Amino acid sequence: MAISLAESLHIGVADIAMRKVRSAITVLGIVLGVMCIMVVLAILAGMNQSTMQWMTERGGLSKVEIGFNWNYDFRQGGEAKLSLSELRTLQSLIPEAKAFNPNISSWNTRLRYRNKHYGGHLFGVFPDMQVVENWYPAKGRFINDIDIRENSNVIVLGSKVADHFFGERDPIGQSVMLGSQMMTVIGVLTEKYWENPGGGGMWGKNALDYMNHRSYIPLSTMLHKISPGSKIDQVEIIAHSPEAALELQKKLEPIILQMKGGKRVFRVSSAQEDMIQMQQSAKMFSAIFIMIAAISLLVGGIVIMNIMLASIKERTREIGVRLAIGARRLDIFVQFMVQTVLITALGGVFGIVLGYAILDLVSGYLDMPMVANVNMIFTALSVSVGIGMIFGIAPAIKAGNLDPVIALREE
Amino acid sequence: MEIIKTKGLIKDYYLGKVKVRALDGIDLVIEAGEFVAIMGPSGSGKSTLMHIIGCLDRPSAGEYHLDGDLVSALPKSALAGIRNRKIGFVFQSFNLLPHLSILKNVELPLMYAGNSARARKQQAERILDSVGLSDRLKHKPNELSGGQRQRVAIARAIVNTPSILLADEPTGNLDSQAGGDILEIFSELHRAGNTVIMVTHDAAVAARADRVINIRDGLIDYGDLAG
C-alpha cells in the first residue's frame with residue numbers, strides 16, 4: 001500500500017506553501033489558459049442565450065417563412081405574388097401546420113382619428129398572426145375568420161398607435177379613418193418588448209418597439225378595399241416543433257417552386273435553419289478560441305513539467321532520504337504526481353476566479369451578455385487537473401525511479 | 001542468533017565500460033545485539049557494503065540474509081519495505097528534511113509504514129523524549145545544533161524498532177563533545193539490546209564497538225584486527 005492520498009496531499013500543500021513564488025510562476029500558463037476558456041465559454045453561452053431569446057420573441061424556432069427571394073434575378077420572369085386561391089391550395093397541402101398566416105403590408109398608410117393623424121405600418125393578416133408572432137390583444141379581440149369572410153372594416157392597433165390616438169381613453173368601439181374607409185377598433189395588442197442585451201444602439205432600448213407602431217386588418221379587407229392592387233408576398237407558418245419546421249421547410253420548397261412555374265421567386269426559410277447556421281458559426285468561433293486556449297495550456301503544461309523536473313533534481317537528496325527510510329517508488333511517484341496536480345488545480349481555481357473577474361469587467365465594458373455557469377467551472381477545473389496529470393507523469397516517474405544510493409550521494 | 005549473514009558477497013560497478021569490483025567476496029556474520037564497527041580507508045568498499053547491508057543496493061553475486069530473510073534474492077521493489085521495517089539509518093550529514101519539524105521528521109518512517117497519524121505522533125514524541133528533545137518538537141532542523149540534529153536522526157532511525165541500526169560516520173560532522181554524546185547514545189542502545197553497525201574510518205570511534213571489521217580492497221582484512 002502506498003501512503004494515503006491524504007498524506008500526499010498534505011506533503012503537496014506543504015511544498016507549495018514553502019515555494020509560493022515558484023508555484024505561482026509554474027502555474028501562470030494554466031491560469032491564463034483556464035481564464036481564456038472561461039471567457040470564451042461564457043461569451044458563447046451569452047450569444048446562444050440572446051439568440052435564443054430573440055428567436056423565441058420573434059415567433060420561436062418552429063417558424064417557417066415564405067418570402068420574397070432577394071437573390072432571384074427577376075429579369076428572368078416571374079413575380080413574387082401569391083393569389084388567394086394559391087394560398088388556399090398551399091394551406092390545404094400542409095394540414096400539419098399549426099398556424100398559417102399570409103400577409104400584405106403597406107408602409108405608407110395614413111390613419112386618422114378626428115384631427116389626429118398617424119402614419120404607420122399596416123398589415124392585412126389572418127387570425128393566425130397571433131400564433132405566429134405569439135402576440136395577443138391586451139384589450140378587445142383580434143381579427144377572426146368571420147372578419148376575413150365578410151371583409152369587415154375592423155382594425156387592431158399596436159400599443160403606440162392606440163396611445164397616440166386615444167391616450168387614456170378606451171379605444172374599443174371607436175372609429176378611425178383608413179383612407180376613405182371607416183374602421184372600427186376591435187382590439188389593442190400587448191406591448192412588444194425585448195431589451196437588446198447588446199445595448200440599444202440605433203433602435204433604442206426596446207429592440208421590438210417598431211412592432212408597437214403597427215396596425216392589423218383582415219387580409220381580405222386589405223385586398224378588396226384598402227389596396228386592391230397589392231400582392232401577397234409573405235406567408236408565415238408555424239409548425240408543431242422545430243424539427244417539424246425543418247421538415248415543413250423541405251416539403252414547401254418544391255411546392256412553391258412548382259406553383260411559380262419553376263422560378264425561384266420565393267425563398268422558404270426556417271428559424272430552426274437559421275439557428276443551426278448560427279450555431280455552426282458559433283462552433284467555428286469557439287473552436288478557434290479553444291485552440292488558442294489549448295496552446296496556452298500546452299505551453300503551461302510544458303513549463304510545469306520543466307519546473308517539476310528541476311524541482312526533483314533539486315530535491316534528489318530528500319527523495320534519497322525518503323527512499324532510505326522506507327518510501328516505495330510508488331510513494332515517491334504519488335507524492336510528486338499529487339503535487340503537480342495540486343498546483344495545476346490551484347491554477348485552475350485562480351483561472352476561474354480571474355475569468356469571472358474579467359467577465360464582469362468585459363461584459364460591463366462591451367455591454368455584451370456573458371453567461372457563466374457551473375459546467376464551465378467543472379470544465380476548467382477538469383482541464384487543469386488533466387494538464388497536471390499529463391505533464392506530471394514524466395517528472396513523477398523520474399523521481400520514483402531514482403536510485404537511493406545515487407540520490408543520497410547528491411549534494 | 002545471526003541477524004546478518006553474508007556469503008561470497010560480490011559487487012561490481014561499471015565506470016563507463018570499465019568494470020570495477022567494489023566487493024570481492026565478503027563472508028560476514030553479525031549476531032543480534034552486537035555493536036560492530038566497519039572500518040576501512042576510502043575506496044575500500046565499506047560504503048558499498050553498508051549500502052548492501054542497508055538494502056539500498058543489491059549485490060552482483062552472493063547471498064545476504066537479514067533477520068532470516070534471503071534479501072539478496074528479493075527484487076528491488078521489495079527492499080523498500082525491508083528498509084522501512086528492519087533498518088534504521090543514521091547518516092554523517094544527518095539527512096533530515098529541512099522543511100519539516102523534527103517531530104514530522106521522526107514520524108516519516110511510521111508514515112511510510114502506514115501507521116495512523118495519531119499513533120505515529122505518540123510514538124515519535126516518546127522516542128524524541130528518550131533522546132532528550134521533547135522540548136524541541138516543533139523546531140525545524142536548522143534551528144538545532146549538530147549534536148541535536150544527529151539525535152533527531154537517531155530517533156528517526158529507531159522509531160519503528162528496526163532489527164539493525166546502521167550508522168555511516170555518525171560523528172563525522174560533529175565536534176568531539178557532541179560526537180562523544182552521540183556515541184554514548186549508540187552504546188546505550190546497544191546495552192538495551194539493539195544491534196548497532198557503525199561505518200567509520202576513525203579508530204577512536206571504532207573503539208566503542210565490541211568488534212571491528214576491517215575492509216580492504218573489497219575483502220575483510222583478518223590480518224590487522226583492531227580494538
# chains A, B, ... in the order shown; residues from 1 in each chain; ligands from 1
>>> residues_around(residues="Leu70 in chain B", least_positions_apart="5", cutoff="12 Å", atoms="only C-alpha atoms", output="ChimeraX atom specification")
/B:3-7,53,55,58-59,62-65,75,78-79,82
>>> closest_atom_pairs(of="range 81-162 of chain B", to="range 304-325 of chain A", cutoff="9 Å", atoms="only C-alpha atoms", output="Markdown table")
| residue | atom | partner | partner_atom | distance |
| --- | --- | --- | --- | --- |
| B:Arg83 | CA | A:Ile325 | CA | 6.1 |
| B:Asn84 | CA | A:Ile325 | CA | 5.3 |
| B:Arg85 | CA | A:Ile325 | CA | 8.7 |
| B:Ile87 | CA | A:Ile325 | CA | 7.9 |
| B:Gly88 | CA | A:Ile325 | CA | 7.2 |
| B:Phe89 | CA | A:Ile325 | CA | 7.2 |
| B:Asn95 | CA | A:Val321 | CA | 6.5 |
| B:Leu96 | CA | A:Val321 | CA | 7.8 |
| B:Leu97 | CA | A:Glu318 | CA | 6.4 |
| B:Pro98 | CA | A:Glu318 | CA | 8.9 |
| B:Leu108 | CA | A:Ile325 | CA | 7.6 |
| B:Pro109 | CA | A:Ile325 | CA | 5.6 |
| B:Tyr112 | CA | A:Ile325 | CA | 8.0 |
| B:Arg156 | CA | A:Ile325 | CA | 8.6 |
| B:Ala157 | CA | A:Ile325 | CA | 7.8 |
>>> residues_around(residues="Val90 in chain B", least_positions_apart="2", cutoff="12 Å", atoms="only C-alpha atoms", output="JSON, numbers by chain")
{"A": [321, 324, 325], "B": [50, 54, 87, 88, 92, 93, 94, 95, 96, 149, 150, 151, 152, 153, 154, 155, 156, 157, 158, 164, 165, 166, 167, 168, 169, 170, 171, 172, 182, 183, 186, 196, 197, 198, 199]}
>>> write_last_selection(atoms="N, CA and C atoms", output="short mmCIF file (atom, residue, chain, number, x, y, z; two decimals), in the first residue's frame")
data_model
loop_
_atom_site.label_atom_id
_atom_site.label_comp_id
_atom_site.auth_asym_id
_atom_site.auth_seq_id
_atom_site.Cartn_x
_atom_site.Cartn_y
_atom_site.Cartn_z
N VAL A 321 16.58 10.28 0.95
CA VAL A 321 16.30 10.07 2.38
C VAL A 321 14.97 9.34 2.53
N ALA A 324 15.42 5.80 1.68
CA ALA A 324 16.21 5.08 2.68
C ALA A 324 15.37 4.70 3.89
N ILE A 325 14.43 5.55 4.26
CA ILE A 325 13.64 5.23 5.45
C ILE A 325 12.36 4.49 5.11
N MET B 50 28.00 -1.22 3.26
CA MET B 50 26.92 -0.64 4.06
C MET B 50 25.63 -0.50 3.24
N GLY B 54 22.30 -2.26 4.18
CA GLY B 54 21.14 -1.40 4.40
C GLY B 54 20.05 -1.57 3.37
N ILE B 87 15.53 -1.72 9.09
CA ILE B 87 16.79 -0.97 9.13
C ILE B 87 16.55 0.46 9.55
N GLY B 88 17.39 0.93 10.46
CA GLY B 88 17.36 2.34 10.83
C GLY B 88 18.67 2.97 10.41
N GLN B 92 26.05 10.58 8.15
CA GLN B 92 27.03 11.57 8.58
C GLN B 92 26.44 12.98 8.56
N SER B 93 25.70 13.27 7.48
CA SER B 93 25.17 14.64 7.35
C SER B 93 23.70 14.70 7.78
N PHE B 94 23.33 13.87 8.71
CA PHE B 94 22.02 13.86 9.37
C PHE B 94 20.85 13.52 8.43
N ASN B 95 20.87 14.20 7.24
CA ASN B 95 19.80 13.95 6.26
C ASN B 95 18.39 14.09 6.81
N LEU B 96 18.20 15.15 7.58
CA LEU B 96 16.82 15.46 7.99
C LEU B 96 16.19 16.30 6.88
N ARG B 149 20.73 17.63 16.04
CA ARG B 149 20.22 17.10 14.76
C ARG B 149 20.52 15.60 14.64
N GLN B 150 21.74 15.21 15.06
CA GLN B 150 22.06 13.80 14.95
C GLN B 150 21.19 12.98 15.91
N ARG B 151 20.85 13.59 17.05
CA ARG B 151 19.95 12.86 17.96
C ARG B 151 18.56 12.69 17.33
N VAL B 152 18.11 13.72 16.58
CA VAL B 152 16.84 13.57 15.85
C VAL B 152 16.96 12.44 14.84
N ALA B 153 18.09 12.40 14.15
CA ALA B 153 18.30 11.36 13.14
C ALA B 153 18.27 9.98 13.78
N ILE B 154 18.89 9.87 14.97
CA ILE B 154 18.86 8.58 15.68
C ILE B 154 17.42 8.23 16.07
N ALA B 155 16.70 9.23 16.55
CA ALA B 155 15.31 8.99 16.92
C ALA B 155 14.53 8.48 15.72
N ARG B 156 14.77 9.10 14.56
CA ARG B 156 14.08 8.68 13.35
C ARG B 156 14.46 7.24 12.98
N ALA B 157 15.76 6.90 13.20
CA ALA B 157 16.23 5.57 12.83
C ALA B 157 15.62 4.47 13.69
N ILE B 158 15.36 4.81 14.95
CA ILE B 158 14.89 3.74 15.86
C ILE B 158 13.39 3.77 16.10
N ILE B 164 18.23 -3.74 12.78
CA ILE B 164 19.59 -3.23 12.92
C ILE B 164 19.60 -1.71 12.79
N LEU B 165 20.56 -1.12 13.48
CA LEU B 165 20.78 0.32 13.39
C LEU B 165 22.07 0.50 12.61
N LEU B 166 21.98 1.19 11.50
CA LEU B 166 23.11 1.31 10.60
C LEU B 166 23.56 2.77 10.56
N ALA B 167 24.79 3.03 11.06
CA ALA B 167 25.25 4.41 11.14
C ALA B 167 26.48 4.59 10.27
N ASP B 168 26.43 5.61 9.40
CA ASP B 168 27.54 5.88 8.48
C ASP B 168 28.27 7.13 8.94
N GLU B 169 29.44 6.96 9.53
CA GLU B 169 30.23 8.08 10.08
C GLU B 169 29.35 9.02 10.90
N PRO B 170 28.69 8.53 11.91
CA PRO B 170 27.69 9.36 12.61
C PRO B 170 28.30 10.56 13.33
N THR B 171 29.60 10.52 13.61
CA THR B 171 30.21 11.64 14.32
C THR B 171 31.05 12.51 13.40
N GLY B 172 31.03 12.20 12.11
CA GLY B 172 31.92 12.86 11.16
C GLY B 172 31.72 14.36 11.05
N ILE B 182 26.87 11.43 21.09
CA ILE B 182 26.18 10.56 20.14
C ILE B 182 26.64 9.11 20.32
N LEU B 183 27.97 8.93 20.45
CA LEU B 183 28.48 7.57 20.64
C LEU B 183 27.91 6.96 21.92
N PHE B 186 24.60 5.56 21.16
CA PHE B 186 24.72 4.25 20.49
C PHE B 186 25.04 3.16 21.50
N VAL B 196 23.88 -2.71 16.60
CA VAL B 196 24.36 -1.45 16.05
C VAL B 196 25.54 -1.73 15.13
N ILE B 197 25.45 -1.24 13.89
CA ILE B 197 26.56 -1.36 12.96
C ILE B 197 26.97 0.04 12.55
N MET B 198 28.26 0.32 12.76
CA MET B 198 28.73 1.68 12.54
C MET B 198 29.88 1.64 11.54
N VAL B 199 29.73 2.44 10.48
CA VAL B 199 30.81 2.52 9.49
C VAL B 199 31.64 3.75 9.82
#
>>> interface_residues(of="chain A", to="chain B", cutoff="9 Å", atoms="only C-alpha atoms", output="VMD selection string")
chain A and resid 1 to 4 7 14 to 15 18 317 to 318 321 to 329 331 403 to 405 408
>>> residues_around(residues="Val36 in chain B", least_positions_apart="2", cutoff="8 Å", atoms="only C-alpha atoms", output="PyMOL selection string")
chain B and resi 30+34+38+196-198+209-213
>>> select_by_dssp(residues="range 30-67 of chain B", states="helix (DSSP H, G or I)", output="PyMOL selection string")
chain B and resi 46-53
>>> residues_around(residues="Gly180 in chain B", least_positions_apart="4", cutoff="10 Å", atoms="only C-alpha atoms", output="JSON, numbers by chain")
{"B": [147, 171, 174, 175, 176, 184, 185, 186, 205]}
>>> write_last_selection(atoms="N, CA and C atoms", output="PDB file, in the first residue's frame")
ATOM      1  N   GLY B 147      24.760  18.280  17.128  1.00  0.00           N
ATOM      2  CA  GLY B 147      24.529  17.134  18.017  1.00  0.00           C
ATOM      3  C   GLY B 147      23.049  16.845  18.167  1.00  0.00           C
ATOM      4  N   THR B 171      29.596  10.523  13.608  1.00  0.00           N
ATOM      5  CA  THR B 171      30.207  11.645  14.323  1.00  0.00           C
ATOM      6  C   THR B 171      31.050  12.505  13.405  1.00  0.00           C
ATOM      7  N   LEU B 174      30.531  16.256  13.557  1.00  0.00           N
ATOM      8  CA  LEU B 174      30.310  16.812  14.905  1.00  0.00           C
ATOM      9  C   LEU B 174      31.633  17.118  15.591  1.00  0.00           C
ATOM     10  N   ASP B 175      31.592  18.078  16.528  1.00  0.00           N
ATOM     11  CA  ASP B 175      32.780  18.299  17.340  1.00  0.00           C
ATOM     12  C   ASP B 175      32.910  17.136  18.327  1.00  0.00           C
ATOM     13  N   SER B 176      34.028  17.069  19.005  1.00  0.00           N
ATOM     14  CA  SER B 176      34.298  15.870  19.792  1.00  0.00           C
ATOM     15  C   SER B 176      33.312  15.711  20.954  1.00  0.00           C
ATOM     16  N   GLU B 184      27.718   7.807  22.926  1.00  0.00           N
ATOM     17  CA  GLU B 184      27.157   7.320  24.175  1.00  0.00           C
ATOM     18  C   GLU B 184      25.725   6.817  23.948  1.00  0.00           C
ATOM     19  N   ILE B 185      24.990   7.518  23.112  1.00  0.00           N
ATOM     20  CA  ILE B 185      23.622   7.068  22.811  1.00  0.00           C
ATOM     21  C   ILE B 185      23.659   5.705  22.121  1.00  0.00           C
ATOM     22  N   PHE B 186      24.597   5.558  21.159  1.00  0.00           N
ATOM     23  CA  PHE B 186      24.716   4.252  20.491  1.00  0.00           C
ATOM     24  C   PHE B 186      25.035   3.162  21.504  1.00  0.00           C
ATOM     25  N   VAL B 205      36.613   6.121  17.245  1.00  0.00           N
ATOM     26  CA  VAL B 205      35.169   5.869  17.226  1.00  0.00           C
ATOM     27  C   VAL B 205      34.913   4.365  17.195  1.00  0.00           C
TER      28      VAL B 205
END
>>> residues_around(residues="Thr221 in chain A", least_positions_apart="3", cutoff="9 Å", atoms="only C-alpha atoms", output="PDB file with C-alpha atoms, in the first residue's frame")
ATOM      1  CA  GLY A 124     -53.503  42.565 -43.750  1.00  0.00           C
ATOM      2  CA  ASP A 147     -63.941  39.216 -40.366  1.00  0.00           C
ATOM      3  CA  ILE A 148     -61.937  37.551 -43.141  1.00  0.00           C
ATOM      4  CA  GLU A 150     -67.012  39.389 -44.561  1.00  0.00           C
ATOM      5  CA  ASN A 151     -64.158  41.763 -45.462  1.00  0.00           C
ATOM      6  CA  SER A 152     -65.082  43.556 -42.240  1.00  0.00           C
ATOM      7  CA  ASN A 153     -63.956  47.108 -41.599  1.00  0.00           C
ATOM      8  CA  VAL A 154     -62.207  46.288 -38.327  1.00  0.00           C
ATOM      9  CA  ILE A 217     -56.750  44.496 -40.542  1.00  0.00           C
ATOM     10  CA  PRO A 218     -58.221  41.358 -42.173  1.00  0.00           C
ATOM     11  CA  HIS A 224     -60.543  44.160 -51.617  1.00  0.00           C
ATOM     12  CA  LYS A 225     -60.976  47.564 -50.058  1.00  0.00           C
ATOM     13  CA  ILE A 226     -57.736  49.223 -48.999  1.00  0.00           C
ATOM     14  CA  SER A 227     -55.153  48.446 -51.650  1.00  0.00           C
TER      15      SER A 227
END
>>> residues_around(residues="Ile16 in chain A", least_positions_apart="5", cutoff="12 Å", atoms="only C-alpha atoms", output="JSON, numbers by chain")
{"A": [9, 10, 11, 21, 22, 23, 24, 25, 26, 27, 308, 311, 336, 338, 339, 340, 341, 342, 343, 344, 346, 347], "B": [99]}
>>> closest_atom_pairs(of="range 131-150 of chain A", to="range 206-215 of chain A", cutoff="12 Å", atoms="only C-alpha atoms", output="JSON lines")
{"residue": "A:Glu133", "atom": "CA", "partner": "A:Met211", "partner_atom": "CA", "distance": 10.4}
{"residue": "A:Trp135", "atom": "CA", "partner": "A:Met211", "partner_atom": "CA", "distance": 10.3}
{"residue": "A:Pro137", "atom": "CA", "partner": "A:Ser215", "partner_atom": "CA", "distance": 11.7}
{"residue": "A:Phe142", "atom": "CA", "partner": "A:Ser215", "partner_atom": "CA", "distance": 11.1}
{"residue": "A:Ile143", "atom": "CA", "partner": "A:Ser215", "partner_atom": "CA", "distance": 11.4}
>>> write_last_selection(atoms="N, CA and C atoms", output="compact mmCIF listing (two decimals), in the first residue's frame")
# COMPACT_ATOMS: atom_id res chain seq x y z
N GLU A 133 -46.80 35.24 -34.34
CA GLU A 133 -45.97 36.21 -33.64
C GLU A 133 -46.04 36.03 -32.13
N TRP A 135 -48.46 36.85 -30.22
CA TRP A 135 -48.79 38.22 -29.85
C TRP A 135 -50.31 38.34 -29.81
N PRO A 137 -54.10 40.29 -28.20
CA PRO A 137 -54.64 41.59 -27.79
C PRO A 137 -54.60 41.77 -26.26
N PHE A 142 -58.94 39.98 -31.40
CA PHE A 142 -58.20 40.07 -32.66
C PHE A 142 -59.14 39.74 -33.82
N ILE A 143 -58.64 39.90 -35.01
CA ILE A 143 -59.39 39.56 -36.23
C ILE A 143 -59.77 38.08 -36.21
